[in-house]
file structure-v1.cif (mmCIF, C-alpha atoms)
data_data
#
loop_
_atom_site.label_atom_id
_atom_site.label_comp_id
_atom_site.auth_asym_id
_atom_site.auth_seq_id
_atom_site.Cartn_x
_atom_site.Cartn_y
_atom_site.Cartn_z
CA MET Z 1 34.30 314.61 -43.08
CA PRO Z 2 36.25 311.53 -44.30
CA LYS Z 3 37.15 309.09 -41.60
CA LYS Z 4 40.98 309.45 -42.00
CA ALA Z 5 40.83 313.27 -41.80
CA SER Z 6 38.74 313.04 -38.65
CA LEU Z 7 41.30 310.80 -37.02
CA ALA Z 8 44.20 313.19 -37.91
CA VAL Z 9 42.41 316.23 -36.53
CA GLY Z 10 41.70 314.42 -33.28
CA ALA Z 11 45.30 313.36 -32.84
CA PHE Z 12 46.64 316.91 -33.49
CA ALA Z 13 44.23 318.42 -30.99
CA ALA Z 14 45.23 315.92 -28.32
CA THR Z 15 48.95 316.57 -28.89
CA ALA Z 16 48.49 320.35 -28.66
CA SER Z 17 46.54 320.03 -25.41
CA LEU Z 18 49.43 318.02 -23.92
CA ALA Z 19 52.23 320.34 -25.12
CA ALA Z 20 50.69 323.61 -23.92
CA PRO Z 21 50.78 322.83 -20.16
CA ALA Z 22 54.30 321.37 -20.49
CA PHE Z 23 55.69 324.59 -21.98
CA ALA Z 24 53.83 326.65 -19.40
CA ALA Z 25 55.38 324.62 -16.57
CA GLU Z 26 59.02 325.18 -17.71
CA PRO Z 27 60.83 327.31 -15.01
CA ALA Z 28 62.35 330.70 -15.82
CA PRO Z 29 66.16 330.89 -16.20
CA ALA Z 30 68.02 331.24 -12.86
CA PRO Z 31 69.15 334.82 -12.05
CA PRO Z 32 72.91 335.55 -12.19
CA PRO Z 33 74.77 335.00 -8.87
CA VAL Z 34 74.89 338.00 -6.51
CA PHE Z 35 78.39 339.48 -5.98
CA THR Z 36 79.83 339.09 -2.47
CA TRP Z 37 82.96 340.39 -0.74
CA THR Z 38 83.20 337.22 1.37
CA GLY Z 39 86.42 335.26 0.97
CA LEU Z 40 90.16 335.00 1.53
CA TYR Z 41 92.31 337.40 -0.48
CA ILE Z 42 95.96 338.29 -1.09
CA GLY Z 43 97.54 341.25 -2.83
CA GLY Z 44 100.16 343.96 -2.97
CA GLN Z 45 100.41 347.69 -2.34
CA ALA Z 46 102.80 350.59 -2.93
CA GLY Z 47 102.84 354.27 -2.11
CA TYR Z 48 104.54 357.06 -0.18
CA ALA Z 49 105.04 357.69 3.54
CA TRP Z 50 106.13 360.70 5.53
CA GLY Z 51 106.80 360.77 9.24
CA ARG Z 52 107.96 362.85 12.17
CA ASP Z 53 110.48 361.84 14.80
CA ASN Z 54 110.32 364.18 17.79
CA ILE Z 55 113.62 363.93 19.68
CA ALA Z 56 114.20 365.21 23.22
CA TRP Z 57 117.76 365.04 24.46
CA SER Z 58 119.68 365.74 27.66
CA GLY Z 59 123.17 365.14 28.98
CA VAL Z 60 126.37 366.61 30.37
CA SER Z 61 128.71 368.66 28.19
CA ILE Z 62 132.47 368.38 27.96
CA ASP Z 63 132.60 371.27 30.47
CA ASP Z 64 130.68 369.08 32.94
CA ASP Z 65 127.63 371.34 32.66
CA PRO Z 66 124.07 370.11 32.19
CA ALA Z 67 122.53 370.45 28.75
CA GLY Z 68 119.28 369.59 27.02
CA GLY Z 69 116.94 370.47 24.18
CA ALA Z 70 114.61 369.12 21.50
CA PHE Z 71 114.39 368.93 17.72
CA SER Z 72 112.52 366.96 15.05
CA LEU Z 73 113.34 364.89 12.00
CA THR Z 74 110.89 364.29 9.13
CA PRO Z 75 111.84 361.03 7.43
CA GLN Z 76 110.00 360.18 4.23
CA GLY Z 77 110.22 357.72 1.36
CA VAL Z 78 108.62 354.98 -0.71
CA ILE Z 79 106.67 352.21 0.99
CA GLY Z 80 105.40 348.96 -0.52
CA GLY Z 81 104.71 345.31 0.23
CA ALA Z 82 102.03 342.62 0.42
CA HIS Z 83 98.86 341.87 2.36
CA ILE Z 84 96.56 338.95 3.16
CA GLY Z 85 93.09 339.09 4.67
CA PHE Z 86 89.59 337.72 4.95
CA ASN Z 87 86.28 339.54 4.44
CA TYR Z 88 82.82 338.44 5.50
CA GLN Z 89 79.75 340.15 4.02
CA TYR Z 90 77.10 339.98 6.72
CA ASN Z 91 74.22 341.31 4.62
CA SER Z 92 73.73 343.36 1.47
CA TRP Z 93 75.79 346.30 2.76
CA LEU Z 94 77.83 345.40 5.90
CA VAL Z 95 81.30 343.89 5.47
CA PHE Z 96 83.85 343.16 8.19
CA GLY Z 97 87.15 341.33 8.20
CA VAL Z 98 90.79 341.17 9.25
CA GLU Z 99 93.99 341.98 7.34
CA GLY Z 100 97.72 341.69 7.86
CA SER Z 101 100.36 343.57 5.88
CA VAL Z 102 104.15 343.77 5.57
CA ASP Z 103 105.94 346.72 3.91
CA GLY Z 104 109.48 347.64 3.13
CA THR Z 105 110.23 351.37 3.31
CA SER Z 106 112.94 353.85 2.43
CA LEU Z 107 111.99 356.32 5.20
CA ARG Z 108 115.13 358.14 6.26
CA GLN Z 109 116.45 361.55 7.26
CA THR Z 110 119.68 362.92 8.68
CA ALA Z 111 119.97 366.36 10.27
CA ALA Z 112 122.68 368.29 12.12
CA VAL Z 113 121.53 370.55 14.96
CA GLY Z 114 123.41 373.01 17.10
CA VAL Z 115 123.61 372.22 20.82
CA ASN Z 116 124.91 374.02 23.89
CA ASP Z 117 124.94 373.57 27.63
CA PHE Z 118 122.77 375.64 29.97
CA MET Z 119 125.71 377.97 30.64
CA GLY Z 120 125.81 378.80 26.93
CA ASP Z 121 129.59 378.62 26.66
CA THR Z 122 130.11 375.22 24.98
CA PRO Z 123 128.61 375.14 21.49
CA GLY Z 124 128.55 371.87 19.62
CA VAL Z 125 126.87 369.96 16.81
CA LEU Z 126 124.76 366.82 17.18
CA THR Z 127 123.94 364.84 14.01
CA ALA Z 128 121.02 362.43 14.18
CA THR Z 129 119.66 359.92 11.66
CA THR Z 130 116.29 358.17 11.79
CA ARG Z 131 115.53 355.23 9.49
CA ALA Z 132 112.57 352.82 9.37
CA ASP Z 133 113.08 349.91 6.96
CA VAL Z 134 110.39 347.28 7.61
CA GLN Z 135 106.85 347.74 8.90
CA GLY Z 136 103.93 345.44 9.57
CA SER Z 137 100.35 345.66 10.78
CA LEU Z 138 97.46 343.47 11.92
CA ARG Z 139 94.16 345.27 11.57
CA GLY Z 140 90.41 344.87 11.63
CA ARG Z 141 88.29 346.23 8.77
CA LEU Z 142 84.69 347.45 8.78
CA GLY Z 143 83.06 348.62 5.59
CA ILE Z 144 79.89 349.57 3.77
CA ALA Z 145 79.37 347.88 0.41
CA PHE Z 146 77.68 349.53 -2.53
CA ASN Z 147 77.59 346.35 -4.61
CA ARG Z 148 81.13 346.26 -6.08
CA VAL Z 149 82.39 349.37 -4.25
CA LEU Z 150 83.53 349.04 -0.63
CA VAL Z 151 84.17 352.06 1.61
CA TYR Z 152 85.94 350.94 4.78
CA GLY Z 153 87.74 351.95 7.94
CA THR Z 154 90.65 350.00 9.40
CA GLY Z 155 92.68 349.98 12.60
CA GLY Z 156 94.90 347.80 14.74
CA ILE Z 157 98.50 347.08 15.73
CA ALA Z 158 101.49 348.51 13.86
CA ILE Z 159 105.12 347.38 14.17
CA THR Z 160 108.28 348.94 12.76
CA GLY Z 161 112.02 348.48 12.85
CA LEU Z 162 113.50 351.83 13.94
CA HIS Z 163 117.21 352.54 13.47
CA THR Z 164 118.80 355.67 14.95
CA THR Z 165 122.33 357.02 14.70
CA THR Z 166 123.75 359.76 16.92
CA LEU Z 167 127.01 361.52 15.96
CA ASP Z 168 128.90 363.80 18.35
CA ALA Z 169 130.30 365.84 15.46
CA ALA Z 170 132.20 368.44 17.54
CA GLY Z 171 132.95 366.37 20.66
CA PHE Z 172 130.33 368.23 22.72
CA PHE Z 173 129.67 365.20 24.93
CA THR Z 174 132.72 362.98 24.55
CA GLY Z 175 135.52 365.41 23.80
CA VAL Z 176 136.31 363.30 20.70
CA PRO Z 177 134.78 364.77 17.50
CA GLY Z 178 133.13 362.19 15.27
CA THR Z 179 132.15 359.74 18.01
CA SER Z 180 128.99 357.88 16.97
CA ALA Z 181 126.49 355.37 18.33
CA VAL Z 182 123.91 353.22 16.47
CA PHE Z 183 120.73 351.70 17.94
CA SER Z 184 118.09 349.38 16.49
CA ASN Z 185 114.70 348.94 18.10
CA THR Z 186 111.48 347.13 17.23
CA ARG Z 187 108.55 349.32 18.14
CA ALA Z 188 104.87 348.36 18.44
CA GLY Z 189 102.15 351.00 18.29
CA TRP Z 190 98.79 351.56 16.70
CA THR Z 191 97.50 352.48 13.26
CA ALA Z 192 94.16 353.70 11.89
CA GLY Z 193 92.80 354.90 8.58
CA GLY Z 194 90.42 354.09 5.77
CA GLY Z 195 90.07 353.53 2.08
CA ILE Z 196 87.93 352.62 -0.90
CA GLU Z 197 88.03 349.38 -2.89
CA TRP Z 198 86.46 348.51 -6.23
CA ALA Z 199 85.87 344.95 -7.45
CA VAL Z 200 86.86 345.06 -11.12
CA THR Z 201 85.81 341.41 -11.54
CA ASP Z 202 84.44 338.79 -9.17
CA ASN Z 203 88.02 338.01 -8.08
CA TRP Z 204 90.20 341.07 -8.75
CA SER Z 205 89.87 344.40 -6.95
CA VAL Z 206 91.86 347.63 -6.68
CA ARG Z 207 92.09 349.98 -3.69
CA ALA Z 208 93.38 353.28 -2.35
CA GLU Z 209 94.12 353.64 1.38
CA TYR Z 210 95.41 356.18 3.91
CA ARG Z 211 96.71 355.31 7.38
CA TYR Z 212 98.21 357.15 10.34
CA SER Z 213 100.58 355.22 12.63
CA ASN Z 214 101.97 356.05 16.07
CA PHE Z 215 104.92 353.89 17.10
CA GLY Z 216 105.34 355.27 20.62
CA HIS Z 217 108.62 356.18 22.33
CA THR Z 218 112.10 354.69 22.21
CA PHE Z 219 115.05 355.60 24.45
CA ASP Z 220 118.73 355.71 23.48
CA PHE Z 221 121.77 356.12 25.75
CA PRO Z 222 124.61 356.76 23.30
CA PHE Z 223 128.36 357.00 24.01
CA ALA Z 224 128.23 354.75 27.07
CA GLY Z 225 131.81 354.10 28.22
CA GLN Z 226 133.12 357.00 26.10
CA LEU Z 227 132.17 359.93 28.34
CA PRO Z 228 134.82 361.89 30.30
CA PHE Z 229 133.22 362.29 33.76
CA ALA Z 230 131.68 359.93 36.27
CA ASP Z 231 128.44 361.89 36.19
CA SER Z 232 128.34 362.21 32.39
CA PHE Z 233 125.42 360.81 30.43
CA VAL Z 234 123.58 361.34 27.13
CA PHE Z 235 119.92 360.49 26.75
CA LEU Z 236 117.70 360.72 23.63
CA GLN Z 237 113.98 360.02 23.49
CA HIS Z 238 112.43 359.34 20.05
CA HIS Z 239 108.72 359.51 19.23
CA LEU Z 240 107.97 358.38 15.66
CA THR Z 241 104.65 358.97 13.92
CA GLU Z 242 103.87 358.32 10.27
CA ASN Z 243 101.37 359.06 7.50
CA GLN Z 244 101.09 356.82 4.47
CA ILE Z 245 99.00 356.63 1.33
CA GLN Z 246 99.03 353.54 -0.86
CA ALA Z 247 97.35 352.05 -3.93
CA GLY Z 248 96.99 348.30 -4.18
CA PHE Z 249 95.34 345.29 -5.74
CA SER Z 250 93.86 342.06 -4.34
CA TYR Z 251 92.85 338.65 -5.63
CA ARG Z 252 89.92 337.04 -3.81
CA PHE Z 253 89.59 333.25 -3.80
CA ASP Z 254 86.00 332.27 -4.56
CA TRP Z 255 85.97 329.01 -2.61
CA ALA Z 256 83.25 330.51 -0.39
CA VAL Z 257 80.87 330.99 -3.35
CA PRO Z 258 78.47 328.00 -3.75
CA PRO Z 259 78.61 326.12 -7.08
CA PRO Z 260 75.79 326.71 -9.58
CA SER Z 261 72.73 324.46 -9.27
CA PRO Z 262 72.36 321.67 -11.85
CA PRO Z 263 69.81 322.30 -14.63
CA VAL Z 264 66.24 321.16 -13.90
CA ALA Z 265 64.29 319.29 -16.55
CA PRO Z 266 60.90 320.80 -17.51
CA ALA Z 267 58.04 319.33 -15.47
CA VAL Z 268 54.64 318.34 -16.78
CA ALA Z 269 51.81 320.15 -15.04
CA GLN Z 270 49.69 318.01 -12.75
CA GLY Z 271 46.26 317.07 -14.02
CA THR Z 272 47.31 316.93 -17.66
CA ALA Z 273 45.29 314.22 -19.36
CA ILE Z 274 47.12 311.63 -21.39
CA PRO Z 275 45.54 311.71 -24.86
CA PRO Z 276 43.84 308.55 -26.03
CA GLY Z 277 45.37 306.65 -28.86
CA PRO Z 278 43.78 306.77 -32.30
CA PRO Z 279 40.40 304.95 -32.47
CA THR Z 280 40.43 301.47 -33.95
CA ALA Z 281 37.95 300.37 -36.55
CA PRO Z 282 35.43 297.78 -35.39
CA ALA Z 283 36.22 294.22 -36.45
CA ALA Z 284 34.21 292.91 -39.41
CA ALA Z 285 31.36 290.66 -38.45
CA GLY Z 286 31.49 287.00 -39.61
CA PRO Z 287 28.64 285.21 -41.31
CA GLN Z 288 25.58 284.90 -39.10
CA THR Z 289 23.94 281.50 -38.55
CA PRO Z 290 20.19 281.81 -38.68
CA ALA Z 291 18.44 281.00 -35.45
CA GLY Z 292 17.28 277.45 -35.30
CA ALA Z 293 19.63 276.32 -38.02
CA ARG Z 294 21.58 273.20 -37.39
#

call {"tool": "encode", "arguments": {"input": "structure-v1.cif", "output": "structure tokens"}}
result
Amino acid sequence: MPKKASLAVGAFAATASLAAPAFAAEPAPAPPPVFTWTGLYIGGQAGYAWGRDNIAWSGVSIDDDPAGGAFSLTPQGVIGGAHIGFNYQYNSWLVFGVEGSVDGTSLRQTAAVGVNDFMGDTPGVLTATTRADVQGSLRGRLGIAFNRVLVYGTGGIAITGLHTTTLDAAGFFTGVPGTSAVFSNTRAGWTAGGGIEWAVTDNWSVRAEYRYSNFGHTFDFPFAGQLPFADSFVFLQHHLTENQIQAGFSYRFDWAVPPPSPPVAPAVAQGTAIPPGPPTAPAAAGPQTPAGAR
């Protein structure tokens, strides 16, 4: 084989032996980041609510006879507002967190009921109105994650502004038809329910949720100072409960997600020999001086 061809073949073989381990040592591409529910989020919700206000009443009629009874109102209306919360995904399936919400509502009902004293000889009409305009809650959440789908339960404290109006339409208590009294109370109770949430993207999610709320009892004493007898009184006890179903959306801030790792340059495998440079031709020998020559 000619000398130049031999040198070229040797250099190519050495280069190939160096490149093969380097390509073999290049790491595989990093897997895509795993989705997590962890993070702070805000959002909005809207839906429908229906409630029940059980009212027990007692008092003294215009005939100075004792009276009492019970009836119910069923206020209902649109409900909607905003929420803020924080989720923490403990492992691949367990998620827990806390959420606060504020809703405005149009829950309202007015009803007129017939009343009478225990003697049965003094019929009258009592008109009552129940209205709840603003509600709030602070709740814990516990859920099971199926990747981007979260099924959860929720429960905690519920607060509402309850407004009641009592109208003595026929003067049954006061002797003056049309006498009215208005009361406003802030009631705290409890709420519990559950829902399902789907992460449409890494940041945006949509949800559907049902909750039951019990706001406890409130007590009204209408027509004070307007009753005819020294022993006259009127007492109403309200007990408001509520069901609500809402759809909503949330935006999760991804500040809790670690940034992607910087790219890693390919590494050369250990033990790879550095190829020798091309061989050099031996230097030409100069003229030889015969031994013993001067």

call {"tool": "residues_around", "arguments": {"input": "structure-v1.cif", "residues": "Ile196 (chain Z)", "least_positions_apart": "5", "cutoff": "10 Å", "atoms": "only C-alpha atoms", "output": "ChimeraX atom specification"}}
result
/Z:143-145,149-153,206-210,247

call {"tool": "resolve_selection", "arguments": {"input": "structure-v1.cif", "expression": "the PyMOL selection byres ((chain Z and resi 58) around 10)", "output": "PyMOL selection string"}}
result
chain Z and resi 56-57+59-61+66-70+117+233-237

call {"tool": "resolve_selection", "arguments": {"input": "structure-v1.cif", "expression": "the PyMOL selection byres ((chain Z and resi 239-241) around 9)", "output": "list in words"}}
result
Trp50, Gly51, Arg52, Asp53, Asn54, Ile55, Ala56, Leu162, Tyr212, Ser213, Asn214, Phe215, Gly216, His217, Thr218, Gln237, His238, Glu242 and Asn243 of chain Z

call {"tool": "resolve_selection", "arguments": {"input": "structure-v1.cif", "expression": "the PyMOL selection byres ((chain Z and resi 184) around 7)", "output": "PyMOL selection string"}}
result
chain Z and resi 162-164+182-183+185

call {"tool": "write_last_selection", "arguments": {"input": "structure-v1.cif", "atoms": "C-alpha atoms", "output": "mmCIF file, in the coordinates of the input"}}
result
data_model
loop_
_atom_site.group_PDB
_atom_site.id
_atom_site.type_symbol
_atom_site.label_atom_id
_atom_site.label_comp_id
_atom_site.auth_asym_id
_atom_site.auth_seq_id
_atom_site.Cartn_x
_atom_site.Cartn_y
_atom_site.Cartn_z
ATOM 1 C CA LEU Z 162 113.500 351.830 13.940
ATOM 2 C CA HIS Z 163 117.210 352.540 13.470
ATOM 3 C CA THR Z 164 118.800 355.670 14.950
ATOM 4 C CA VAL Z 182 123.910 353.220 16.470
ATOM 5 C CA PHE Z 183 120.730 351.700 17.940
ATOM 6 C CA ASN Z 185 114.700 348.940 18.100
#

call {"tool": "atom_distance", "arguments": {"input": "structure-v1.cif", "atom1": "CA of Ala169 (chain Z)", "atom2": "CA of Met119 (chain Z)"}}
result
20.0 Å

call {"tool": "closest_residue", "arguments": {"input": "structure-v1.cif", "among": "Z:Asp220, Z:Asp168, Z:Asp202, Z:Asp63", "to": "Asp254 (chain Z)", "atoms": "all atoms listed in the file"}}
result
Z:Asp202

call {"tool": "residues_around", "arguments": {"input": "structure-v1.cif", "residues": "Ala170 (chain Z)", "least_positions_apart": "4", "cutoff": "10 Å", "atoms": "only C-alpha atoms", "output": "count of residues only"}}
result
13

call {"tool": "decode", "arguments": {"input": "structure-v1.cif", "residues": "region 180-197 of chain Z", "atoms": "N, CA and C atoms", "output": "PDB file, in the first residue's frame"}}
result
ATOM      1  N   SER Z 180     -94.379  47.137  60.451  1.00  0.00           N
ATOM      2  CA  SER Z 180     -93.295  46.246  60.011  1.00  0.00           C
ATOM      3  C   SER Z 180     -92.049  46.453  60.851  1.00  0.00           C
ATOM      4  N   ALA Z 181     -91.170  45.462  60.794  1.00  0.00           N
ATOM      5  CA  ALA Z 181     -89.884  45.524  61.492  1.00  0.00           C
ATOM      6  C   ALA Z 181     -88.844  44.819  60.623  1.00  0.00           C
ATOM      7  N   VAL Z 182     -87.626  45.374  60.560  1.00  0.00           N
ATOM      8  CA  VAL Z 182     -86.540  44.839  59.734  1.00  0.00           C
ATOM      9  C   VAL Z 182     -85.343  44.553  60.632  1.00  0.00           C
ATOM     10  N   PHE Z 183     -84.709  43.369  60.415  1.00  0.00           N
ATOM     11  CA  PHE Z 183     -83.537  42.980  61.183  1.00  0.00           C
ATOM     12  C   PHE Z 183     -82.442  42.501  60.233  1.00  0.00           C
ATOM     13  N   SER Z 184     -81.202  42.796  60.593  1.00  0.00           N
ATOM     14  CA  SER Z 184     -80.040  42.309  59.850  1.00  0.00           C
ATOM     15  C   SER Z 184     -79.092  41.642  60.825  1.00  0.00           C
ATOM     16  N   ASN Z 185     -78.693  40.422  60.472  1.00  0.00           N
ATOM     17  CA  ASN Z 185     -77.802  39.644  61.324  1.00  0.00           C
ATOM     18  C   ASN Z 185     -76.685  39.037  60.484  1.00  0.00           C
ATOM     19  N   THR Z 186     -75.516  38.904  61.091  1.00  0.00           N
ATOM     20  CA  THR Z 186     -74.415  38.151  60.483  1.00  0.00           C
ATOM     21  C   THR Z 186     -74.326  36.818  61.191  1.00  0.00           C
ATOM     22  N   ARG Z 187     -74.506  35.761  60.436  1.00  0.00           N
ATOM     23  CA  ARG Z 187     -74.547  34.430  61.020  1.00  0.00           C
ATOM     24  C   ARG Z 187     -73.341  33.610  60.576  1.00  0.00           C
ATOM     25  N   ALA Z 188     -72.736  32.880  61.524  1.00  0.00           N
ATOM     26  CA  ALA Z 188     -71.647  31.951  61.235  1.00  0.00           C
ATOM     27  C   ALA Z 188     -72.141  30.530  61.476  1.00  0.00           C
ATOM     28  N   GLY Z 189     -71.817  29.651  60.563  1.00  0.00           N
ATOM     29  CA  GLY Z 189     -72.205  28.242  60.683  1.00  0.00           C
ATOM     30  C   GLY Z 189     -71.137  27.371  60.050  1.00  0.00           C
ATOM     31  N   TRP Z 190     -71.572  26.270  59.493  1.00  0.00           N
ATOM     32  CA  TRP Z 190     -70.622  25.346  58.883  1.00  0.00           C
ATOM     33  C   TRP Z 190     -71.096  24.974  57.482  1.00  0.00           C
ATOM     34  N   THR Z 191     -70.145  24.508  56.676  1.00  0.00           N
ATOM     35  CA  THR Z 191     -70.442  24.113  55.305  1.00  0.00           C
ATOM     36  C   THR Z 191     -69.608  22.895  54.948  1.00  0.00           C
ATOM     37  N   ALA Z 192     -70.136  22.029  54.094  1.00  0.00           N
ATOM     38  CA  ALA Z 192     -69.424  20.826  53.661  1.00  0.00           C
ATOM     39  C   ALA Z 192     -69.918  20.426  52.282  1.00  0.00           C
ATOM     40  N   GLY Z 193     -69.049  19.804  51.525  1.00  0.00           N
ATOM     41  CA  GLY Z 193     -69.438  19.359  50.180  1.00  0.00           C
ATOM     42  C   GLY Z 193     -68.267  18.716  49.466  1.00  0.00           C
ATOM     43  N   GLY Z 194     -68.301  18.782  48.150  1.00  0.00           N
ATOM     44  CA  GLY Z 194     -67.249  18.169  47.351  1.00  0.00           C
ATOM     45  C   GLY Z 194     -67.373  18.595  45.914  1.00  0.00           C
ATOM     46  N   GLY Z 195     -66.378  18.182  45.129  1.00  0.00           N
ATOM     47  CA  GLY Z 195     -66.394  18.563  43.722  1.00  0.00           C
ATOM     48  C   GLY Z 195     -65.345  17.817  42.930  1.00  0.00           C
ATOM     49  N   ILE Z 196     -65.232  18.210  41.671  1.00  0.00           N
ATOM     50  CA  ILE Z 196     -64.251  17.641  40.755  1.00  0.00           C
ATOM     51  C   ILE Z 196     -63.624  18.788  39.982  1.00  0.00           C
ATOM     52  N   GLU Z 197     -62.311  18.711  39.773  1.00  0.00           N
ATOM     53  CA  GLU Z 197     -61.569  19.781  39.107  1.00  0.00           C
ATOM     54  C   GLU Z 197     -60.672  19.156  38.043  1.00  0.00           C
TER      55      GLU Z 197
END
